[in-house]
Amino acid sequence: MITSWNVRGLNKAGKFREISSRLHNLNPAIMILIETRVKEKNADMIRNKMKLKGSYLDNYDKHANGRIWICWDDNRRHIELIDSTDQFIHCKIRDDKGDFKYWMNVVYAHNQLQLRKKLWQDILKIHSNQQGLWMVIGDFNNVAKVDDRIGGSMVTEKEYVDLIDMMNQTGLYEKESQGDYFTWTNKQKANAIYSRIDCLLGNTEWMQQNEDAELIVMSPSVSDHSMLALSTPDPIPQKRSKFKFLNYTSDLNDFTETVKLNWNLPLNGRPMYVVWKKLQRLQPDLKKLTKPRSDITREIAQARVDLATAQDELLTDKMNGEKIVKVQTCTAALIQWQELKVV
């Protein structure tokens with residue numbers, strides 16, 4: 001699986017925890033985060049806090065705000081940087097054996113039409129210098145036709161003519177998607193706007209090779225952009241459940257005293273038997289100690305359900321102001337519960 005998501009900033013702990021949790025549940029082979037708004041000096045700290053494992057590419061050398069992050073699972077994919085600007089990262093994708101699979105461009109286009117023209121020209125140059133399977137994915141900040149926006153000003157040909165011209169010259173085609181057609185909303189009760197500006201393009205060779213892959217427009221959750229998820233036939237490793245001692249437990253109030261009191265209670269038997277039985281005896285006390293966190297975990301789960309329900313209801317009535325406010329309220333609630341989560 002490949003995911004691409006404009007997260008509109010990772011500046012709040014509650015927000016990046018929720019984004020991290022969602023990505024961990026999906027477990028993609030390649031993960032793309034756009035518009036992180038994280039300074040380069042803070043990038044490693046945020047990535048560690050999000051517990052994102054694997055290797056990284058970014059374009060900090062071209063833009064100070066970390067406009068594009070690419071992370072991948074080394075056991076499933078290998079990625080080689082070819083070129084980058086402030087609007088794209090171009091790379092070569094190899095499978096777990098090191099064999100070439102395809103070229104990939106990750107784009108985050110500028111808001112200004114004139115600056116986007118430079119991106120289309122750069123993609124034309126890439127096309128003239130390579131052969132083989134090729135895909136382009138990300139936030140194009142550009143509609144491709146009149147029907148790609150509802151609300152706000154009407155779409156004019158001037159907005160999309162350069163993008164379409166680039167696609168025609170490079171032989172790139174937009175891949176059909178499942179889920180909501182629109183990928184971005186301003187989340188405003190008054191003057192709501194919905195646009196399809198996040199998408200995946202592929203050349204004929206890539207489309208033929210990935211005919212069975214499904215592109216799903218997933219719910220935006222705590223962002224105003226939907227996540228794009230490209231499912232592939234690659235098997236995803238199953239996570240085995242196992243006992244884990246969570247590090248946060250040792251930071252809780254009364255942890256040391258609880259363990260000390262329990263451990264000092266007498267118990268007869270061979271040394272390893274005593275240790276094993278004491279560990280078993282300690283579990284109920286630790287569960288009581290961590291109950292407040294368990295309550296917050298349940299609240300987070302319920303907040304996710306509430307947000308997903310509100311977003312589903314909005315899909316069928318996109319201009320309903322009350323439903324837009326409901327999504328805003330549920331988004332804020334989920335982020336707030338994540339802020340309260342002990343780590």
# chains A, B, ... in the order shown; residues from 1 in each chain; ligands from 1
call {"tool": "select_by_dssp", "arguments": {"residues": "range 58-299 of chain A", "states": "strand (DSSP E or B)", "output": "ChimeraX atom specification"}}
result
/A:58,68-72,77-84,88-95,100-108,134-139,149-150,173-174,177-179,184-185,194-195,198-202,214-217,225,228-231
call {"tool": "select_by_dssp", "arguments": {"residues": "range 43-259 of chain A", "states": "alpha helix (DSSP H)", "output": "ChimeraX atom specification"}}
result
/A:43-50,113-128,157-170,204-209,255-259
call {"tool": "residues_around", "arguments": {"residues": "range 48-51 of chain A", "least_positions_apart": "6", "cutoff": "12 Å", "atoms": "only C-alpha atoms", "output": "CSV table (one decimal) with all heavy atoms, in the first residue's frame"}}
result
chain,number,residue,atom,x,y,z
A,10,LEU,N,1.9,19.4,11.5
A,10,LEU,CA,2.0,18.5,12.6
A,10,LEU,C,2.5,19.2,13.8
A,10,LEU,O,3.2,18.7,14.6
A,10,LEU,CB,3.1,17.4,12.2
A,10,LEU,CG,2.8,16.5,11.0
A,10,LEU,CD1,4.0,15.7,10.6
A,10,LEU,CD2,1.6,15.6,11.4
A,12,LYS,N,0.6,20.2,16.4
A,12,LYS,CA,-0.1,19.9,17.6
A,12,LYS,C,0.1,18.4,18.0
A,12,LYS,O,0.0,17.6,17.1
A,12,LYS,CB,-1.6,20.2,17.5
A,12,LYS,CG,-1.9,21.7,17.4
A,12,LYS,CD,-3.4,21.9,17.4
A,12,LYS,CE,-3.8,23.4,17.4
A,12,LYS,NZ,-5.3,23.6,17.4
A,13,ALA,N,0.4,18.2,19.3
A,13,ALA,CA,0.7,16.8,19.7
A,13,ALA,C,-0.5,15.9,19.4
A,13,ALA,O,-0.4,14.8,18.9
A,13,ALA,CB,1.1,16.8,21.1
A,14,GLY,N,-1.7,16.4,19.7
A,14,GLY,CA,-2.9,15.6,19.5
A,14,GLY,C,-3.1,15.2,18.1
A,14,GLY,O,-3.5,14.1,17.8
A,15,LYS,N,-2.8,16.2,17.2
A,15,LYS,CA,-3.0,15.9,15.8
A,15,LYS,C,-2.0,14.9,15.2
A,15,LYS,O,-2.4,13.9,14.6
A,15,LYS,CB,-2.9,17.2,15.0
A,15,LYS,CG,-3.2,17.1,13.5
A,15,LYS,CD,-3.2,18.5,12.8
A,15,LYS,CE,-3.7,18.3,11.4
A,15,LYS,NZ,-3.7,19.6,10.7
A,16,PHE,N,-0.7,15.1,15.6
A,16,PHE,CA,0.3,14.1,15.0
A,16,PHE,C,0.1,12.7,15.6
A,16,PHE,O,0.5,11.7,15.0
A,16,PHE,CB,1.7,14.7,15.0
A,16,PHE,CG,2.4,14.7,16.3
A,16,PHE,CD1,2.7,13.6,17.0
A,16,PHE,CD2,2.9,16.0,16.8
A,16,PHE,CE1,3.5,13.7,18.2
A,16,PHE,CE2,3.6,16.1,17.9
A,16,PHE,CZ,3.9,14.9,18.7
A,17,ARG,N,-0.4,12.7,16.9
A,17,ARG,CA,-0.6,11.3,17.4
A,17,ARG,C,-1.7,10.6,16.7
A,17,ARG,O,-1.6,9.4,16.4
A,17,ARG,CB,-1.0,11.5,18.9
A,17,ARG,CG,0.2,11.8,19.8
A,17,ARG,CD,-0.3,12.1,21.2
A,17,ARG,NE,0.8,12.7,22.1
A,17,ARG,CZ,0.6,13.3,23.2
A,17,ARG,NH1,-0.6,13.4,23.7
A,17,ARG,NH2,1.6,13.8,23.9
A,18,GLU,N,-2.8,11.3,16.3
A,18,GLU,CA,-3.9,10.7,15.6
A,18,GLU,C,-3.4,10.3,14.2
A,18,GLU,O,-3.8,9.2,13.7
A,18,GLU,CB,-5.1,11.7,15.5
A,18,GLU,CG,-6.3,11.1,14.8
A,18,GLU,CD,-6.8,9.8,15.4
A,18,GLU,OE1,-6.6,9.6,16.6
A,18,GLU,OE2,-7.5,9.1,14.7
A,19,ILE,N,-2.7,11.2,13.6
A,19,ILE,CA,-2.1,10.8,12.2
A,19,ILE,C,-1.2,9.6,12.3
A,19,ILE,O,-1.3,8.7,11.5
A,19,ILE,CB,-1.4,12.1,11.6
A,19,ILE,CG1,-2.4,13.2,11.3
A,19,ILE,CG2,-0.6,11.7,10.4
A,19,ILE,CD1,-1.8,14.5,10.9
A,20,SER,N,-0.4,9.6,13.3
A,20,SER,CA,0.5,8.5,13.5
A,20,SER,C,-0.2,7.2,13.7
A,20,SER,O,0.1,6.1,13.1
A,20,SER,CB,1.5,8.7,14.7
A,20,SER,OG,2.3,7.6,15.0
A,21,SER,N,-1.3,7.2,14.6
A,21,SER,CA,-2.1,6.1,14.9
A,21,SER,C,-2.7,5.5,13.6
A,21,SER,O,-2.7,4.3,13.4
A,21,SER,CB,-3.1,6.4,15.9
A,21,SER,OG,-3.9,5.3,16.2
A,22,ARG,N,-3.3,6.4,12.8
A,22,ARG,CA,-3.9,6.0,11.6
A,22,ARG,C,-3.0,5.3,10.6
A,22,ARG,O,-3.3,4.3,10.0
A,22,ARG,CB,-4.6,7.2,10.9
A,22,ARG,CG,-5.6,6.8,9.9
A,22,ARG,CD,-6.3,8.0,9.3
A,22,ARG,NE,-7.4,7.6,8.4
A,22,ARG,CZ,-7.9,8.4,7.5
A,22,ARG,NH1,-7.5,9.7,7.4
A,22,ARG,NH2,-8.9,8.0,6.8
A,23,LEU,N,-1.8,5.9,10.5
A,23,LEU,CA,-0.8,5.3,9.6
A,23,LEU,C,-0.3,4.0,10.1
A,23,LEU,O,-0.1,3.1,9.3
A,23,LEU,CB,0.3,6.3,9.4
A,23,LEU,CG,0.0,7.6,8.6
A,23,LEU,CD1,1.1,8.6,8.7
A,23,LEU,CD2,-0.3,7.3,7.2
A,24,HIS,N,-0.1,3.8,11.4
A,24,HIS,CA,0.3,2.6,11.9
A,24,HIS,C,-0.7,1.5,11.7
A,24,HIS,O,-0.4,0.3,11.4
A,24,HIS,CB,0.6,2.7,13.4
A,24,HIS,CG,2.0,3.2,13.7
A,24,HIS,ND1,3.1,2.4,13.7
A,24,HIS,CD2,2.4,4.4,14.1
A,24,HIS,CE1,4.2,3.1,14.0
A,24,HIS,NE2,3.8,4.3,14.2
A,42,ASN,N,13.5,20.3,13.7
A,42,ASN,CA,12.5,19.5,14.6
A,42,ASN,C,12.1,18.2,13.9
A,42,ASN,O,11.3,17.5,14.5
A,42,ASN,CB,11.3,20.4,14.9
A,42,ASN,CG,11.7,21.6,15.7
A,42,ASN,OD1,12.5,21.6,16.5
A,42,ASN,ND2,11.0,22.7,15.4
A,71,CYS,N,8.4,8.3,3.6
A,71,CYS,CA,8.9,7.2,4.5
A,71,CYS,C,8.6,5.9,3.9
A,71,CYS,O,7.5,5.7,3.4
A,71,CYS,CB,8.3,7.4,5.9
A,71,CYS,SG,8.7,6.1,7.0
A,343,VAL,N,2.0,9.7,27.2
A,343,VAL,CA,3.0,9.0,26.3
A,343,VAL,C,4.2,8.7,27.1
A,343,VAL,O,4.5,9.3,28.1
A,343,VAL,CB,3.3,9.8,25.0
A,343,VAL,CG1,2.0,9.9,24.2
A,343,VAL,CG2,3.8,11.2,25.4
call {"tool": "residues_around", "arguments": {"residues": "Val106 in chain A", "least_positions_apart": "5", "cutoff": "10 Å", "atoms": "only C-alpha atoms", "output": "short mmCIF file (atom, residue, chain, number, x, y, z; two decimals) with N, CA, C and O atoms, in the first residue's frame"}}
result
data_model
loop_
_atom_site.label_atom_id
_atom_site.label_comp_id
_atom_site.auth_asym_id
_atom_site.auth_seq_id
_atom_site.Cartn_x
_atom_site.Cartn_y
_atom_site.Cartn_z
N SER A 4 -0.81 8.76 0.55
CA SER A 4 -0.39 10.14 0.35
C SER A 4 -1.41 11.02 1.06
O SER A 4 -2.61 10.92 0.82
N ILE A 32 3.54 8.90 2.38
CA ILE A 32 3.86 10.26 1.95
C ILE A 32 3.08 11.24 2.81
O ILE A 32 1.86 11.13 2.93
N LEU A 33 3.80 12.18 3.42
CA LEU A 33 3.17 13.24 4.19
C LEU A 33 3.51 14.57 3.53
O LEU A 33 4.69 14.85 3.25
N ILE A 34 2.50 15.38 3.31
CA ILE A 34 2.65 16.65 2.60
C ILE A 34 2.24 17.79 3.51
O ILE A 34 1.32 17.66 4.32
N ILE A 68 7.43 18.10 1.77
CA ILE A 68 7.18 16.69 1.41
C ILE A 68 8.08 15.78 2.24
O ILE A 68 9.29 15.97 2.30
N TRP A 69 7.46 14.79 2.90
CA TRP A 69 8.19 13.69 3.54
C TRP A 69 7.79 12.40 2.84
O TRP A 69 6.61 12.16 2.57
N ILE A 70 8.77 11.54 2.58
CA ILE A 70 8.49 10.18 2.11
C ILE A 70 9.15 9.22 3.08
O ILE A 70 10.33 9.35 3.39
N SER A 84 14.84 16.73 -6.86
CA SER A 84 13.80 17.36 -6.06
C SER A 84 13.82 18.87 -6.26
O SER A 84 14.85 19.44 -6.64
N GLN A 87 8.66 21.78 -5.09
CA GLN A 87 7.32 21.31 -5.42
C GLN A 87 7.25 19.81 -5.71
O GLN A 87 6.15 19.29 -5.88
N PHE A 88 8.38 19.10 -5.73
CA PHE A 88 8.31 17.66 -5.99
C PHE A 88 9.55 16.95 -5.51
O PHE A 88 10.62 17.55 -5.33
N ILE A 89 9.40 15.65 -5.30
CA ILE A 89 10.52 14.72 -5.12
C ILE A 89 10.36 13.64 -6.17
O ILE A 89 9.31 13.00 -6.26
N HIS A 90 11.39 13.43 -6.96
CA HIS A 90 11.38 12.40 -8.00
C HIS A 90 12.30 11.27 -7.57
O HIS A 90 13.44 11.52 -7.16
N CYS A 91 11.80 10.04 -7.62
CA CYS A 91 12.60 8.93 -7.11
C CYS A 91 12.34 7.64 -7.89
O CYS A 91 11.39 7.54 -8.68
N MET A 135 4.56 6.97 -12.13
CA MET A 135 3.36 7.50 -11.48
C MET A 135 3.69 8.83 -10.82
O MET A 135 4.81 9.08 -10.40
N VAL A 136 2.68 9.70 -10.74
CA VAL A 136 2.80 10.99 -10.07
C VAL A 136 1.65 11.09 -9.08
O VAL A 136 0.49 10.91 -9.45
N ILE A 137 1.96 11.37 -7.82
CA ILE A 137 0.94 11.37 -6.77
C ILE A 137 1.16 12.54 -5.83
O ILE A 137 2.28 13.01 -5.65
N GLY A 138 0.07 13.05 -5.25
CA GLY A 138 0.20 14.10 -4.25
C GLY A 138 -0.89 15.14 -4.35
O GLY A 138 -1.99 14.90 -4.87
N ASP A 139 -0.57 16.33 -3.85
CA ASP A 139 -1.49 17.47 -3.83
C ASP A 139 -1.11 18.40 -4.98
O ASP A 139 -0.10 19.10 -4.91
N PHE A 140 -1.92 18.42 -6.02
CA PHE A 140 -1.64 19.21 -7.20
C PHE A 140 -2.11 20.67 -7.05
O PHE A 140 -1.77 21.51 -7.88
N LEU A 200 -3.76 10.77 -8.36
CA LEU A 200 -2.66 9.94 -8.83
C LEU A 200 -2.72 9.88 -10.35
O LEU A 200 -3.77 9.56 -10.92
#
call {"tool": "closest_residue", "arguments": {"among": "A:Met1, A:Ile79, A:Leu172, A:Ile296", "to": "Pro28 in chain A", "atoms": "only C-alpha atoms"}}
result
A:Met1
call {"tool": "closest_residue", "arguments": {"among": "A:Leu81, A:Leu163, A:Val259, A:Ala303", "to": "Gln283 in chain A", "atoms": "only C-alpha atoms"}}
result
A:Val259
call {"tool": "atom_distance", "arguments": {"atom1": "CA of Arg281 in chain A", "atom2": "CA of Asn262 in chain A"}}
result
7.6 Å
call {"tool": "closest_residue", "arguments": {"among": "A:Asp44, A:Gly152, A:Asp96, A:Gln208", "to": "Ile193 in chain A", "atoms": "only C-alpha atoms"}}
result
A:Gly152
call {"tool": "atom_distance", "arguments": {"atom1": "CA of Gln121 in chain A", "atom2": "CA of Tyr102 in chain A"}}
result
20.9 Å
call {"tool": "atom_distance", "arguments": {"atom1": "CA of Ser226 in chain A", "atom2": "CA of Thr183 in chain A"}}
result
4.9 Å
call {"tool": "residues_around", "arguments": {"residues": "Gln130 in chain A", "least_positions_apart": "3", "cutoff": "9 Å", "atoms": "only C-alpha atoms", "output": "list in words"}}
result
Trp103, Ile126 and His127 of chain A
call {"tool": "residues_around", "arguments": {"residues": "Thr329 in chain A", "least_positions_apart": "4", "cutoff": "10 Å", "atoms": "only C-alpha atoms", "output": "list in words"}}
result
Asp306, Leu307, Ala310, Lys323, Ile324, Val325, Ala333 and Leu334 of chain A
call {"tool": "closest_residue", "arguments": {"among": "A:Ile150, A:Ile93, A:Ile164, A:Met45", "to": "Lys117 in chain A", "atoms": "only C-alpha atoms"}}
result
A:Ile164
call {"tool": "closest_residue", "arguments": {"among": "A:Gly66, A:Gly179, A:Gly321, A:Gly171", "to": "Asn203 in chain A", "atoms": "only C-alpha atoms"}}
result
A:Gly171
call {"tool": "residues_around", "arguments": {"residues": "Phe182 in chain A", "least_positions_apart": "2", "cutoff": "12 Å", "atoms": "only C-alpha atoms", "output": "VMD selection string"}}
result
chain A and resid 143 147 to 151 177 to 180 184 to 186 193 to 199 216 to 220 224 to 228 315 318
call {"tool": "closest_residue", "arguments": {"among": "A:Gln209, A:Ser153, A:Asn142, A:Asn264", "to": "Asn191 in chain A", "atoms": "only C-alpha atoms"}}
result
A:Ser153
